[in-house]
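Student: Got a structure for you, input.txt, holding compact mmCIF, C-alpha atoms.
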# COMPACT_ATOMS: atom_id res chain seq x y z
CA MET D 7 0.00 0.00 0.00
CA ILE D 8 1.18 3.50 -0.86
CA ILE D 9 -0.01 6.63 0.95
CA ARG D 10 0.52 9.71 -1.20
CA LYS D 11 -0.77 13.17 -1.97
CA ALA D 12 -3.91 13.04 -4.12
CA LEU D 13 -3.48 13.86 -7.79
CA GLU D 14 -5.97 15.56 -10.06
CA SER D 15 -6.26 12.27 -11.97
CA ASP D 16 -7.59 10.67 -8.73
CA VAL D 17 -10.63 12.93 -8.57
CA PRO D 18 -13.09 10.60 -10.43
CA ARG D 19 -12.17 7.70 -8.10
CA LEU D 20 -12.46 9.91 -5.00
CA LEU D 21 -15.88 11.01 -6.20
CA GLU D 22 -16.89 7.37 -6.71
CA ILE D 23 -15.84 6.49 -3.13
CA TYR D 24 -17.68 9.49 -1.69
CA ASN D 25 -20.85 9.01 -3.74
CA TYR D 26 -21.06 5.38 -2.62
CA GLU D 27 -21.56 6.71 0.92
CA VAL D 28 -23.97 9.40 -0.26
CA ILE D 29 -26.18 6.72 -1.83
CA ASN D 30 -25.69 3.75 0.48
CA GLY D 31 -24.44 4.93 3.85
CA VAL D 32 -24.62 7.54 6.54
CA SER D 33 -20.92 8.39 6.84
CA THR D 34 -21.93 11.59 5.10
CA LEU D 35 -25.29 13.24 5.50
CA ASP D 36 -25.19 14.46 1.91
CA ILE D 37 -28.24 13.05 0.12
CA THR D 38 -27.59 14.02 -3.49
CA PRO D 39 -24.52 12.54 -5.22
CA LYS D 40 -21.85 15.07 -6.09
CA GLU D 41 -20.92 15.85 -9.69
CA LEU D 42 -17.41 15.83 -11.14
CA PRO D 43 -17.08 19.65 -11.55
CA GLU D 44 -18.06 20.14 -7.91
CA TRP D 45 -15.59 17.49 -6.78
CA GLN D 46 -12.87 19.06 -8.92
CA GLU D 47 -13.41 22.31 -7.03
CA TRP D 48 -13.30 20.39 -3.73
CA PHE D 49 -9.97 18.86 -4.83
CA GLU D 50 -8.55 22.30 -5.63
CA HIS D 51 -9.45 23.54 -2.12
CA HIS D 52 -7.38 20.70 -0.65
CA GLN D 53 -4.06 21.64 -2.19
CA THR D 54 -2.65 23.53 0.80
CA ALA D 55 -0.53 22.49 3.78
CA ARG D 56 -3.40 23.38 6.12
CA HIS D 57 -5.96 21.42 4.10
CA PRO D 58 -4.21 18.42 2.52
CA LEU D 59 -5.79 15.52 0.67
CA ILE D 60 -4.08 12.14 0.66
CA VAL D 61 -4.95 8.77 -0.81
CA ALA D 62 -4.16 5.14 -0.10
CA GLU D 63 -3.30 3.22 -3.24
CA LYS D 64 -3.37 -0.57 -3.20
CA ASP D 65 -2.29 -2.55 -6.25
CA GLY D 66 -2.53 0.60 -8.36
CA ILE D 67 -6.11 1.41 -7.26
CA VAL D 68 -7.12 4.25 -4.94
CA ALA D 69 -8.71 2.44 -2.00
CA GLY D 70 -9.53 5.45 0.16
CA TYR D 71 -8.65 8.98 1.10
CA ALA D 72 -8.30 11.37 4.02
CA SER D 73 -8.57 15.13 4.05
CA LEU D 74 -8.44 18.12 6.33
CA SER D 75 -10.98 20.82 5.50
CA PRO D 76 -11.85 24.21 6.94
CA TYR D 77 -13.97 23.74 10.06
CA ARG D 78 -15.94 26.97 9.71
CA ALA D 79 -15.64 30.02 7.45
CA LYS D 80 -15.10 32.52 10.28
CA GLU D 81 -11.48 33.67 10.51
CA ALA D 82 -11.07 32.74 14.20
CA TYR D 83 -11.54 29.05 13.28
CA LYS D 84 -8.57 28.93 10.89
CA SER D 85 -6.48 26.94 13.41
CA THR D 86 -9.12 24.18 13.40
CA ALA D 87 -9.59 21.65 10.62
CA GLU D 88 -12.22 18.97 10.06
CA LEU D 89 -10.94 15.49 9.30
CA SER D 90 -12.64 13.13 6.85
CA VAL D 91 -11.67 9.56 6.00
CA TYR D 92 -13.46 7.47 3.36
CA ILE D 93 -12.61 3.93 2.32
CA ALA D 94 -14.08 2.12 -0.69
CA PRO D 95 -16.30 -0.72 0.60
CA GLU D 96 -14.21 -3.48 -0.97
CA TYR D 97 -11.10 -2.24 0.89
CA ARG D 98 -12.51 -1.88 4.40
CA ARG D 99 -11.02 -3.74 7.38
CA GLN D 100 -7.58 -3.96 5.77
CA GLY D 101 -5.77 -1.29 7.81
CA ILE D 102 -6.17 1.37 5.14
CA ALA D 103 -8.06 3.82 7.36
CA SER D 104 -5.38 3.52 10.05
CA ALA D 105 -2.62 4.16 7.54
CA LEU D 106 -4.43 7.24 6.22
CA MET D 107 -5.12 8.51 9.74
CA GLU D 108 -1.49 8.11 10.72
CA GLU D 109 -0.33 10.16 7.75
CA ILE D 110 -3.01 12.87 7.88
CA MET D 111 -2.35 13.37 11.60
CA ARG D 112 1.38 13.55 10.93
CA LEU D 113 0.72 16.27 8.36
CA ALA D 114 -1.57 18.09 10.80
CA CYS D 115 1.06 18.01 13.56
CA GLU D 116 3.71 19.36 11.18
CA ASN D 117 1.56 22.35 10.33
CA THR D 118 2.08 24.96 13.04
CA GLU D 119 -1.01 26.87 11.84
CA LEU D 120 -3.23 24.00 13.05
CA HIS D 121 -4.14 23.53 16.70
CA LEU D 122 -7.30 21.38 16.73
CA ILE D 123 -8.64 18.61 14.50
CA VAL D 124 -12.36 17.88 14.65
CA SER D 125 -14.22 14.91 13.25
CA VAL D 126 -17.99 14.60 12.94
CA ILE D 127 -19.15 10.98 12.92
CA THR D 128 -22.71 9.82 12.37
CA SER D 129 -23.81 8.15 15.60
CA GLY D 130 -23.50 4.38 15.64
CA ASN D 131 -20.41 4.18 13.43
CA ALA D 132 -18.40 2.12 15.93
CA ALA D 133 -15.52 1.45 13.51
CA SER D 134 -14.96 5.17 12.87
CA GLU D 135 -15.24 6.00 16.56
CA ALA D 136 -12.66 3.31 17.43
CA LEU D 137 -10.34 4.59 14.70
CA HIS D 138 -10.49 8.13 16.03
CA ARG D 139 -9.94 7.06 19.63
CA LYS D 140 -6.91 5.03 18.48
CA PHE D 141 -5.40 8.29 17.20
CA GLY D 142 -6.04 10.31 20.34
CA PHE D 143 -9.43 11.84 19.58
CA SER D 144 -11.82 12.47 22.46
CA PHE D 145 -15.60 12.41 22.31
CA CYS D 146 -16.93 15.93 22.92
CA GLY D 147 -20.68 15.65 22.39
CA THR D 148 -23.65 14.49 20.37
CA ILE D 149 -25.98 16.63 18.32
CA HIS D 150 -29.17 14.61 18.36
CA GLU D 151 -31.20 14.12 15.18
CA ALA D 152 -29.13 16.65 13.25
CA GLY D 153 -30.04 15.28 9.82
CA PHE D 154 -32.63 13.12 8.09
CA LYS D 155 -31.38 10.39 5.77
CA HIS D 156 -32.56 6.92 4.73
CA GLY D 157 -35.95 7.47 6.32
CA LYS D 158 -34.81 8.41 9.81
CA PHE D 159 -33.18 11.15 11.83
CA GLN D 160 -29.41 10.77 12.22
CA SER D 161 -27.43 12.07 15.17
CA ILE D 162 -23.80 13.12 14.93
CA ASP D 163 -21.01 12.56 17.44
CA ASN D 164 -18.22 15.07 17.63
CA PHE D 165 -14.61 14.11 18.32
CA GLU D 166 -11.61 16.38 18.80
CA ASN D 167 -7.85 16.11 18.96
CA VAL D 168 -5.79 19.02 20.29
CA LEU D 169 -2.50 18.62 18.49
CA SER D 170 0.51 18.03 20.67
CA ARG D 171 3.89 18.90 19.29
In structure tokens, write the structure found in this file.

Tutor:
Amino acid sequence: MIIRKALESDVPRLLEIYNYEVINGVSTLDITPKELPEWQEWFEHHQTARHPLIVAEKDGIVAGYASLSPYRAKEAYKSTAELSVYIAPEYRRQGIASALMEEIMRLACENTELHLIVSVITSGNAASEALHRKFGFSFCGTIHEAGFKHGKFQSIDNFENVLSR
């Protein structure tokens, strides 16, 4: 497995991985699949040291990705980033998420402009919660019934990691 910076040529595969969750899961509370131009713009916003985008490649195929995104638009939040990790269903439970987390957290710790990493996890996603705890994230609260997807209200659990250097 290779962990590397995402390339523009990866964008269609990243979109495929994300849209699988839009359609089939609750890892994202997006309901409508994203389109390639929109995802291209998303890719372009993740080409900075503060907001990197990395992929895990296995046997020449992108198996998953991790990114740091702006937490909120207000200027005071610029030292906080929101972490996302998505793994293609056929590559889950193979250590790929852990490898991506290790690298994205390394990049976060190297960036002195970042102080806090936040992750929002749809309640009940035990695998994601365990992954975050493994990398030092702490549970910091639930927002109950924050979204409606797949015929029911979904709650979100918030996790945080204050970077130690």

Student: Would you work out the distance separating CA of Ile67 (chain D) from CA of Val124 (chain D), expressed in Å to one decimal?

Tutor: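 Between CA of Ile67 (chain D) and CA of Val124 (chain D) the gap works out to 28.1 Å.
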
Student: Can you pull out the residues contacting region 54-59 of chain D? Cut-off 7 Å, using only C-alpha atoms, and skip same-chain residues under 3 positions away; I want them as a list in words.

Tutor: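 The contact residues come out as Lys11, Ala12, Ala72, Ser73, Leu74, Ser75, Asn117 and Leu120 of chain D.
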
Student: Would you mind exporting the chosen residues as a PDB file, in the frame of the given file, restricted to C-alpha atoms?

Tutor:
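again.pdb written:
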ATOM      1  CA  LYS D  11      -0.770  13.170  -1.970  1.00  0.00           C
ATOM      2  CA  ALA D  12      -3.910  13.040  -4.120  1.00  0.00           C
ATOM      3  CA  ALA D  72      -8.300  11.370   4.020  1.00  0.00           C
ATOM      4  CA  SER D  73      -8.570  15.130   4.050  1.00  0.00           C
ATOM      5  CA  LEU D  74      -8.440  18.120   6.330  1.00  0.00           C
ATOM      6  CA  SER D  75     -10.980  20.820   5.500  1.00  0.00           C
ATOM      7  CA  ASN D 117       1.560  22.350  10.330  1.00  0.00           C
ATOM      8  CA  LEU D 120      -3.230  24.000  13.050  1.00  0.00           C
TER       9      LEU D 120
END

Student: Neighbouring residues of Phe143 (chain D) were defined as those with any atom within 6 Å, considering only C-alpha atoms; residues of the same chain fewer than 5 positions away were excluded. Please report them as a list of chain:residue names.

Tutor: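 Within the cut-off, the hits are D:His138, D:Phe165, D:Glu166, D:Asn167.
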
Student: Please produce an output containing C-alpha atoms for each residue in the selection, written as a PDB file, in the coordinates of the input.

Tutor:
ATOM      1  CA  HIS D 138     -10.490   8.130  16.030  1.00  0.00           C
ATOM      2  CA  PHE D 165     -14.610  14.110  18.320  1.00  0.00           C
ATOM      3  CA  GLU D 166     -11.610  16.380  18.800  1.00  0.00           C
ATOM      4  CA  ASN D 167      -7.850  16.110  18.960  1.00  0.00           C
TER       5      ASN D 167
END

Student: Could you tell me how far CA of Asn25 (chain D) sits from CA of Ile149 (chain D), in Å to one decimal place?

Tutor: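 Computed distance, CA of Ile149 (chain D) to CA of Asn25 (chain D), equals 23.9 Å.
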
Student: Quick one: distance from CA of Gly130 (chain D) to CA of Glu27 (chain D) in Å, one decimal?

Tutor: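 Answer for the CA of Gly130 (chain D) to CA of Glu27 (chain D) separation: 15.0 Å.
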
Student: Please list as a ChimeraX atom specification every residue within 10 Å of region 30-38 of chain D, counting all atoms listed in the file and excluding residues in the same chain fewer than 5 positions away.

Tutor: /D:24-25,90-92,126-131,134,152-156,160-162

Student: Just the residues within 12 Å of Ala69 (chain D), please, counting all atoms listed in the file, with nothing from its chain fewer than 4 positions along; format it as a PDB file with C-alpha atoms, keeping the file's coordinate frame.

Tutor:
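New file out.pdb:
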ATOM      1  CA  MET D   7       0.000   0.000   0.000  1.00  0.00           C
ATOM      2  CA  ILE D   8       1.180   3.500  -0.860  1.00  0.00           C
ATOM      3  CA  ILE D   9      -0.010   6.630   0.950  1.00  0.00           C
ATOM      4  CA  ARG D  10       0.520   9.710  -1.200  1.00  0.00           C
ATOM      5  CA  ALA D  12      -3.910  13.040  -4.120  1.00  0.00           C
ATOM      6  CA  ASP D  16      -7.590  10.670  -8.730  1.00  0.00           C
ATOM      7  CA  ARG D  19     -12.170   7.700  -8.100  1.00  0.00           C
ATOM      8  CA  LEU D  20     -12.460   9.910  -5.000  1.00  0.00           C
ATOM      9  CA  LEU D  21     -15.880  11.010  -6.200  1.00  0.00           C
ATOM     10  CA  GLU D  22     -16.890   7.370  -6.710  1.00  0.00           C
ATOM     11  CA  ILE D  23     -15.840   6.490  -3.130  1.00  0.00           C
ATOM     12  CA  TYR D  24     -17.680   9.490  -1.690  1.00  0.00           C
ATOM     13  CA  ILE D  60      -4.080  12.140   0.660  1.00  0.00           C
ATOM     14  CA  VAL D  61      -4.950   8.770  -0.810  1.00  0.00           C
ATOM     15  CA  ALA D  62      -4.160   5.140  -0.100  1.00  0.00           C
ATOM     16  CA  GLU D  63      -3.300   3.220  -3.240  1.00  0.00           C
ATOM     17  CA  LYS D  64      -3.370  -0.570  -3.200  1.00  0.00           C
ATOM     18  CA  ASP D  65      -2.290  -2.550  -6.250  1.00  0.00           C
ATOM     19  CA  VAL D  91     -11.670   9.560   6.000  1.00  0.00           C
ATOM     20  CA  TYR D  92     -13.460   7.470   3.360  1.00  0.00           C
ATOM     21  CA  ILE D  93     -12.610   3.930   2.320  1.00  0.00           C
ATOM     22  CA  ALA D  94     -14.080   2.120  -0.690  1.00  0.00           C
ATOM     23  CA  PRO D  95     -16.300  -0.720   0.600  1.00  0.00           C
ATOM     24  CA  GLU D  96     -14.210  -3.480  -0.970  1.00  0.00           C
ATOM     25  CA  TYR D  97     -11.100  -2.240   0.890  1.00  0.00           C
ATOM     26  CA  ARG D  98     -12.510  -1.880   4.400  1.00  0.00           C
ATOM     27  CA  ARG D  99     -11.020  -3.740   7.380  1.00  0.00           C
ATOM     28  CA  GLN D 100      -7.580  -3.960   5.770  1.00  0.00           C
ATOM     29  CA  GLY D 101      -5.770  -1.290   7.810  1.00  0.00           C
ATOM     30  CA  ILE D 102      -6.170   1.370   5.140  1.00  0.00           C
ATOM     31  CA  ALA D 103      -8.060   3.820   7.360  1.00  0.00           C
ATOM     32  CA  ALA D 105      -2.620   4.160   7.540  1.00  0.00           C
ATOM     33  CA  LEU D 106      -4.430   7.240   6.220  1.00  0.00           C
TER      34      LEU D 106
END

Student: Report, as lines of an AutoDock Vina configuration file, the centre and edge lengths in Å (one decimal) of the axis-aligned box enclosing every listed atom of region 21-30 of chain D, padded by 4 Å on each side.

Tutor:
center_x = -21.0
center_y = 7.4
center_z = -2.9
size_x = 18.3
size_y = 15.3
size_z = 15.6

Student: Name the residues in contact with Cys115 (chain D) at a cut-off of 12 Å, using all atoms listed in the file, excluding same-chain residues fewer than 2 positions from it; report them as an MDAnalysis selection string.

Tutor: chainID D and resid 55:56 74 85:87 107:113 117:123 167:171

Student: Could you tell me which of D:Val17, D:Asn164, D:Leu89, D:Leu42 comes closest to Gly147 (chain D) if we count all atoms listed in the file?

Tutor: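 Closest to Gly147 (chain D), using all atoms listed in the file: D:Asn164.
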
Student: Rebuild N, CA, C and O atoms on region 105-117 of chain D, as a PDB file, keeping the file's coordinate frame?

Tutor:
ATOM      1  N   ALA D 105      -3.773   3.614   8.245  1.00  0.00           N
ATOM      2  CA  ALA D 105      -2.620   4.160   7.540  1.00  0.00           C
ATOM      3  C   ALA D 105      -2.885   5.606   7.101  1.00  0.00           C
ATOM      4  O   ALA D 105      -2.001   6.469   7.223  1.00  0.00           O
ATOM      5  N   LEU D 106      -4.075   5.870   6.610  1.00  0.00           N
ATOM      6  CA  LEU D 106      -4.430   7.240   6.220  1.00  0.00           C
ATOM      7  C   LEU D 106      -4.469   8.163   7.425  1.00  0.00           C
ATOM      8  O   LEU D 106      -3.977   9.295   7.369  1.00  0.00           O
ATOM      9  N   MET D 107      -5.046   7.686   8.525  1.00  0.00           N
ATOM     10  CA  MET D 107      -5.120   8.510   9.740  1.00  0.00           C
ATOM     11  C   MET D 107      -3.731   8.850  10.243  1.00  0.00           C
ATOM     12  O   MET D 107      -3.467   9.990  10.643  1.00  0.00           O
ATOM     13  N   GLU D 108      -2.851   7.872  10.244  1.00  0.00           N
ATOM     14  CA  GLU D 108      -1.490   8.110  10.720  1.00  0.00           C
ATOM     15  C   GLU D 108      -0.824   9.218   9.910  1.00  0.00           C
ATOM     16  O   GLU D 108      -0.216  10.136  10.464  1.00  0.00           O
ATOM     17  N   GLU D 109      -0.968   9.163   8.601  1.00  0.00           N
ATOM     18  CA  GLU D 109      -0.330  10.160   7.750  1.00  0.00           C
ATOM     19  C   GLU D 109      -1.008  11.527   7.833  1.00  0.00           C
ATOM     20  O   GLU D 109      -0.324  12.556   7.916  1.00  0.00           O
ATOM     21  N   ILE D 110      -2.333  11.570   7.842  1.00  0.00           N
ATOM     22  CA  ILE D 110      -3.010  12.870   7.880  1.00  0.00           C
ATOM     23  C   ILE D 110      -2.750  13.558   9.226  1.00  0.00           C
ATOM     24  O   ILE D 110      -2.590  14.778   9.295  1.00  0.00           O
ATOM     25  N   MET D 111      -2.659  12.773  10.299  1.00  0.00           N
ATOM     26  CA  MET D 111      -2.350  13.370  11.600  1.00  0.00           C
ATOM     27  C   MET D 111      -0.895  13.823  11.658  1.00  0.00           C
ATOM     28  O   MET D 111      -0.587  14.836  12.289  1.00  0.00           O
ATOM     29  N   ARG D 112      -0.010  13.107  11.011  1.00  0.00           N
ATOM     30  CA  ARG D 112       1.380  13.550  10.930  1.00  0.00           C
ATOM     31  C   ARG D 112       1.462  14.900  10.221  1.00  0.00           C
ATOM     32  O   ARG D 112       2.138  15.834  10.672  1.00  0.00           O
ATOM     33  N   LEU D 113       0.740  15.012   9.108  1.00  0.00           N
ATOM     34  CA  LEU D 113       0.720  16.270   8.360  1.00  0.00           C
ATOM     35  C   LEU D 113       0.115  17.394   9.202  1.00  0.00           C
ATOM     36  O   LEU D 113       0.602  18.527   9.180  1.00  0.00           O
ATOM     37  N   ALA D 114      -0.934  17.087   9.937  1.00  0.00           N
ATOM     38  CA  ALA D 114      -1.570  18.090  10.800  1.00  0.00           C
ATOM     39  C   ALA D 114      -0.603  18.581  11.871  1.00  0.00           C
ATOM     40  O   ALA D 114      -0.484  19.785  12.117  1.00  0.00           O
ATOM     41  N   CYS D 115       0.113  17.650  12.497  1.00  0.00           N
ATOM     42  CA  CYS D 115       1.060  18.010  13.560  1.00  0.00           C
ATOM     43  C   CYS D 115       2.226  18.833  13.022  1.00  0.00           C
ATOM     44  O   CYS D 115       2.755  19.695  13.730  1.00  0.00           O
ATOM     45  N   GLU D 116       2.617  18.590  11.791  1.00  0.00           N
ATOM     46  CA  GLU D 116       3.710  19.360  11.180  1.00  0.00           C
ATOM     47  C   GLU D 116       3.311  20.792  10.862  1.00  0.00           C
ATOM     48  O   GLU D 116       4.163  21.664  10.735  1.00  0.00           O
ATOM     49  N   ASN D 117       2.024  21.020  10.714  1.00  0.00           N
ATOM     50  CA  ASN D 117       1.560  22.350  10.330  1.00  0.00           C
ATOM     51  C   ASN D 117       1.318  23.191  11.578  1.00  0.00           C
ATOM     52  O   ASN D 117       0.341  22.982  12.297  1.00  0.00           O
TER      53      ASN D 117
END
